[in-house]
file data_31.txt (compact mmCIF, C-alpha atoms and all ligand atoms)
# COMPACT_ATOMS: atom_id res chain seq x y z
CA MET A 1 138.96 258.65 169.81
CA ASN A 2 141.80 256.97 171.64
CA ASP A 3 145.29 257.35 170.22
CA GLU A 4 145.58 253.85 168.79
CA LEU A 5 142.50 254.44 166.64
CA ALA A 6 143.39 257.96 165.52
CA LEU A 7 144.34 258.22 161.86
CA ILE A 8 147.80 259.55 162.63
CA SER A 9 148.82 256.51 164.66
CA ARG A 10 146.53 253.68 163.48
CA GLU A 11 148.23 250.76 161.78
CA LYS A 12 145.13 248.69 161.12
CA LEU A 13 141.53 248.28 162.16
CA PRO A 14 141.03 246.63 165.56
CA ASP A 15 140.41 242.88 165.26
CA ALA A 16 136.88 243.26 166.63
CA LEU A 17 135.98 245.40 163.62
CA GLN A 18 137.32 242.86 161.15
CA VAL A 19 134.65 240.20 161.77
CA LEU A 20 132.77 240.89 158.54
CA LEU A 21 136.03 241.25 156.62
CA ALA A 22 136.95 237.76 157.78
CA GLU A 23 133.75 236.51 156.13
CA TYR A 24 134.29 238.66 153.04
CA PRO A 25 138.05 238.86 152.44
CA ARG A 26 139.29 241.38 149.89
CA GLU A 27 140.45 238.69 147.44
CA GLY A 28 136.87 237.52 146.98
CA TRP A 29 135.11 240.87 146.55
CA GLU A 30 135.06 241.09 142.77
CA LYS A 31 133.77 237.54 142.38
CA ASP A 32 131.01 237.99 144.97
CA PRO A 33 127.51 238.12 143.41
CA GLY A 34 126.83 241.23 145.51
CA PHE A 35 129.74 243.14 143.96
CA ASP A 36 127.77 245.71 142.00
CA GLY A 37 128.20 248.94 140.10
CA LEU A 38 127.93 251.05 143.21
CA ILE A 39 130.83 249.26 144.94
CA ARG A 40 132.89 249.41 141.76
CA PHE A 41 132.18 253.12 141.30
CA TRP A 42 133.06 253.87 144.91
CA LEU A 43 136.31 251.85 144.84
CA ASP A 44 137.22 253.59 141.56
CA ARG A 45 136.96 256.94 143.32
CA HIS A 46 139.47 255.73 145.91
CA LEU A 47 141.74 254.53 143.12
CA MET A 48 141.49 257.95 141.47
CA PHE A 49 142.63 259.71 144.68
CA ARG A 50 145.58 257.33 144.95
CA ARG A 51 146.49 257.96 141.30
CA LEU A 52 146.26 261.74 141.66
CA MET A 53 148.64 261.62 144.63
CA LYS A 54 151.03 259.49 142.61
CA GLU A 55 150.88 261.90 139.66
CA MET A 56 151.61 264.88 141.92
CA SER A 57 154.44 263.04 143.63
CA GLY A 58 155.96 261.96 140.30
CA ALA A 59 155.77 265.51 138.94
CA THR A 60 157.40 266.87 142.11
CA ASP A 61 160.24 264.34 141.81
CA LEU A 62 160.82 265.48 138.23
CA LEU A 63 160.76 269.12 139.29
CA LEU A 64 163.26 268.53 142.10
CA ASP A 65 165.52 266.62 139.70
CA ARG A 66 165.17 269.57 137.29
CA LYS A 67 163.63 267.35 134.68
CA MET A 68 160.35 269.27 134.49
CA ALA A 69 159.99 272.95 133.65
CA PRO A 70 158.51 275.12 136.41
CA ASP A 71 155.56 276.20 134.22
CA GLN A 72 154.71 272.65 133.31
CA PHE A 73 154.94 271.64 136.94
CA GLY A 74 152.68 274.53 137.94
CA ALA A 75 150.05 273.53 135.39
CA THR A 76 150.24 269.86 136.41
CA LEU A 77 149.98 270.57 140.12
CA SER A 78 147.12 273.06 139.66
CA ARG A 79 145.16 270.56 137.63
CA TYR A 80 145.72 267.43 139.71
CA GLY A 81 145.74 269.27 143.04
CA GLY A 82 142.40 270.90 142.25
CA MET A 83 140.84 267.60 141.17
CA PHE A 84 142.22 265.91 144.27
CA VAL A 85 141.09 268.45 146.87
CA ASN A 86 137.68 269.16 145.36
CA GLY A 87 137.03 265.50 144.62
CA LEU A 88 137.95 264.44 148.12
CA HIS A 89 135.74 267.09 149.75
CA GLU A 90 132.81 266.00 147.63
CA HIS A 91 133.51 262.31 148.30
CA HIS A 92 133.64 262.82 152.08
CA THR A 93 130.45 264.84 152.01
CA ILE A 94 128.62 262.04 150.19
CA GLU A 95 129.96 259.44 152.62
CA ASP A 96 129.08 261.52 155.69
CA THR A 97 125.64 262.43 154.40
CA TYR A 98 124.39 259.32 152.61
CA TYR A 99 126.57 256.27 153.18
CA PHE A 100 127.66 256.28 156.81
CA PRO A 101 124.25 257.11 158.39
CA LYS A 102 122.67 254.16 156.55
CA LEU A 103 125.48 251.64 156.84
CA ILE A 104 126.14 252.25 160.54
CA HIS A 105 122.91 250.45 161.46
CA LYS A 106 123.46 247.38 159.31
CA ASP A 107 125.62 245.35 161.66
CA LYS A 108 126.13 246.24 165.33
CA ARG A 109 129.40 244.31 165.47
CA ILE A 110 131.16 246.89 163.34
CA SER A 111 129.12 250.05 163.94
CA LYS A 112 131.94 251.57 166.03
CA GLY A 113 134.05 251.53 162.88
CA PHE A 114 131.98 254.40 161.54
CA ASP A 115 133.10 256.62 164.43
CA ILE A 116 136.67 255.93 163.34
CA LEU A 117 135.87 256.82 159.71
CA ASP A 118 134.06 259.98 160.78
CA ALA A 119 137.02 261.03 162.95
CA ASP A 120 139.34 260.28 159.99
CA HIS A 121 137.38 262.70 157.81
CA HIS A 122 137.80 265.47 160.39
CA ALA A 123 141.51 264.70 160.73
CA LEU A 124 141.90 264.65 156.94
CA ASP A 125 140.27 268.10 156.69
CA GLU A 126 143.18 269.49 158.68
CA PHE A 127 145.82 267.58 156.72
CA LEU A 128 144.21 268.71 153.47
CA ALA A 129 144.28 272.35 154.59
CA SER A 130 147.99 272.00 155.28
CA PHE A 131 148.47 270.26 151.91
CA VAL A 132 146.74 273.19 150.16
CA THR A 133 148.98 275.69 151.97
CA SER A 134 152.14 273.90 150.85
CA ALA A 135 150.80 273.41 147.31
CA ASN A 136 150.14 277.16 147.11
CA GLY A 137 153.63 277.78 148.47
CA VAL A 138 155.20 275.82 145.64
CA LEU A 139 152.88 277.30 142.99
CA GLN A 140 153.77 280.83 144.08
CA ALA A 141 157.48 280.06 143.74
CA THR A 142 157.49 278.99 140.08
CA GLY A 143 159.20 282.26 139.05
CA ASP A 144 162.20 281.76 141.35
CA ARG A 145 164.11 278.54 140.70
CA ALA A 146 165.99 278.41 144.03
CA LYS A 147 162.87 279.12 146.06
CA LEU A 148 160.92 276.65 143.94
CA GLN A 149 163.43 273.95 144.80
CA ASP A 150 162.97 274.62 148.53
CA GLN A 151 159.19 274.82 148.36
CA GLY A 152 159.10 271.71 146.19
CA GLY A 153 160.93 269.80 148.90
CA VAL A 154 158.49 271.03 151.56
CA PHE A 155 155.57 270.08 149.35
CA GLN A 156 156.97 266.60 148.65
CA THR A 157 157.28 265.94 152.41
CA GLU A 158 153.71 267.11 152.96
CA LEU A 159 152.43 264.97 150.10
CA THR A 160 154.23 261.87 151.37
CA ARG A 161 152.62 262.32 154.79
CA LEU A 162 149.17 262.84 153.30
CA GLU A 163 149.58 259.84 151.00
CA LYS A 164 150.28 257.57 153.96
CA LEU A 165 147.37 258.92 156.03
CA LEU A 166 144.84 258.94 153.23
CA ASN A 167 145.79 255.44 152.19
CA ARG A 168 145.30 254.21 155.76
CA HIS A 169 141.81 255.76 155.73
CA LEU A 170 140.91 254.38 152.30
CA VAL A 171 142.05 250.83 153.10
CA ASP A 172 140.22 250.72 156.45
CA GLU A 173 137.11 252.31 154.98
CA GLU A 174 137.03 249.80 152.12
CA GLU A 175 137.50 246.89 154.52
CA LEU A 176 134.64 248.08 156.73
CA ILE A 177 132.19 249.12 154.05
CA VAL A 178 132.57 246.63 151.19
CA PRO A 179 131.84 243.60 153.44
CA VAL A 180 128.72 245.37 154.82
CA ILE A 181 127.40 246.05 151.33
CA LEU A 182 128.21 242.53 150.12
CA ARG A 183 126.36 241.12 153.10
CA TYR A 184 123.34 243.47 153.26
CA GLY A 185 123.09 244.91 149.74
CA SER A 186 123.34 248.43 148.37
CA ARG A 187 119.68 249.09 147.52
CA GLU A 188 119.19 251.96 150.00
CA LEU A 189 122.40 253.65 148.94
CA GLY A 190 121.13 254.52 145.47
FE FE B 1 136.11 258.39 153.65
FE FE B 2 135.87 256.98 150.71

call {"tool": "encode", "arguments": {"input": "data_31.txt", "output": "structure tokens"}}
result
Amino acid sequence: MNDELALISREKLPDALQVLLAEYPREGWEKDPGFDGLIRFWLDRHLMFRRLMKEMSGATDLLLDRKMAPDQFGATLSRYGGMFVNGLHEHHTIEDTYYFPKLIHKDKRISKGFDILDADHHALDEFLASFVTSANGVLQATGDRAKLQDQGGVFQTELTRLEKLLNRHLVDEEELIVPVILRYGSRELG
């Protein structure tokens, strides 16, 4: 994967991979007759990951401003962090196992995009591991207010970085995959 396409530095999909998106722009997805339950369900999962990150970030802001009690923060982060990490692992596994191998053959013009998505998943594994480490760091500090403040700051930085990277992946993945499904159907995806 060259640097421009790597998740950490990518700013958008290369133009060559946006040919189907040009035919199926995002604004028209919901009105397209091919927009079905599977697409909606899958986009809702992405929305859920974005919301969970927002919830964790909001709770961390409150903690750092001393407007949320450490115990309440701990419970909130454990709950949302667990849903986020487990949900994302499961989601990537389904995409790697069922979606990508079928969709990659649908349209040669954009098949290279799936290499980018696959590389993103590997990159995200590492960023997620680092996210988990900093989440555990903040959770283990809930009994010590000064330490909690420091660890909370570290965690907020980590979360902001992950939010940016994951959002890049989600946007590009949506803009590769939804046009393919609208064009070729979702029957084989079950
Ligand atoms: Fe993905
Ligand atoms: Fe996804």

call {"tool": "atom_distance", "arguments": {"input": "data_31.txt", "atom1": "CA of Ile39 (chain A)", "atom2": "CA of Arg26 (chain A)"}}
result
12.6 Å

call {"tool": "residues_around", "arguments": {"input": "data_31.txt", "residues": "Leu88 (chain A)", "least_positions_apart": "6", "cutoff": "12 Å", "atoms": "all atoms listed in the file", "output": "list in words"}}
result
Arg45, His46, Leu47, Met48, Phe49, Arg50, Leu52, Met53, Tyr80, Gly81, Gly82, Ile94, Glu95, His121, Leu124, Asp125, Leu128, Leu166 and Leu170 of chain A

call {"tool": "residues_near_ligand", "arguments": {"input": "data_31.txt", "ligand": "ligand FE 1 (chain B)", "cutoff": "8 Å", "atoms": "all atoms listed in the file", "output": "ChimeraX atom specification"}}
result
/A:91-92,95-96,117-118,120-121,169-170,173

call {"tool": "closest_residue", "arguments": {"input": "data_31.txt", "among": "A:Ala123, A:Leu165, A:Val171, A:Leu189", "to": "ligand FE 2 (chain B)", "atoms": "only C-alpha atoms and all ligand atoms"}}
result
A:Val171

call {"tool": "atom_distance", "arguments": {"input": "data_31.txt", "atom1": "CA of Asp115 (chain A)", "atom2": "CA of Phe35 (chain A)"}}
result
24.7 Å

call {"tool": "atom_distance", "arguments": {"input": "data_31.txt", "atom1": "CA of Val132 (chain A)", "atom2": "CA of Gln156 (chain A)"}}
result
12.3 Å

call {"tool": "residues_around", "arguments": {"input": "data_31.txt", "residues": "Lys112 (chain A)", "least_positions_apart": "3", "cutoff": "12 Å", "atoms": "only C-alpha atoms", "output": "PyMOL selection string"}}
result
chain A and resi 1+5+13-14+16-18+100+103-109+115-119+176

call {"tool": "closest_residue", "arguments": {"input": "data_31.txt", "among": "A:Asp44, A:Glu174, A:Glu30, A:Glu163", "to": "Ile8 (chain A)", "atoms": "only C-alpha atoms"}}
result
A:Glu163

call {"tool": "closest_residue", "arguments": {"input": "data_31.txt", "among": "A:Met56, A:Tyr99, A:Ile181, A:Glu188", "to": "Asp36 (chain A)", "atoms": "all atoms listed in the file"}}
result
A:Ile181

call {"tool": "closest_residue", "arguments": {"input": "data_31.txt", "among": "A:Tyr24, A:Trp29, A:Phe73, A:Phe114", "to": "ligand FE 2 (chain B)", "atoms": "all atoms listed in the file"}}
result
A:Phe114

call {"tool": "closest_residue", "arguments": {"input": "data_31.txt", "among": "A:Ala146, A:Leu162, A:Gln72, A:Ile110", "to": "Ser134 (chain A)", "atoms": "all atoms listed in the file"}}
result
A:Leu162

call {"tool": "closest_residue", "arguments": {"input": "data_31.txt", "among": "A:Leu43, A:Met68, A:Ala135, A:Ala22", "to": "ligand FE 2 (chain B)", "atoms": "all atoms listed in the file"}}
result
A:Leu43

call {"tool": "axis_aligned_box", "arguments": {"input": "data_31.txt", "around": "region 40-44 of chain A", "padding_each_side": "5 Å", "output": "lines of an AutoDock Vina configuration file"}}
result
center_x = 134.7
center_y = 251.6
center_z = 143.1
size_x = 15.0
size_y = 14.5
size_z = 13.6
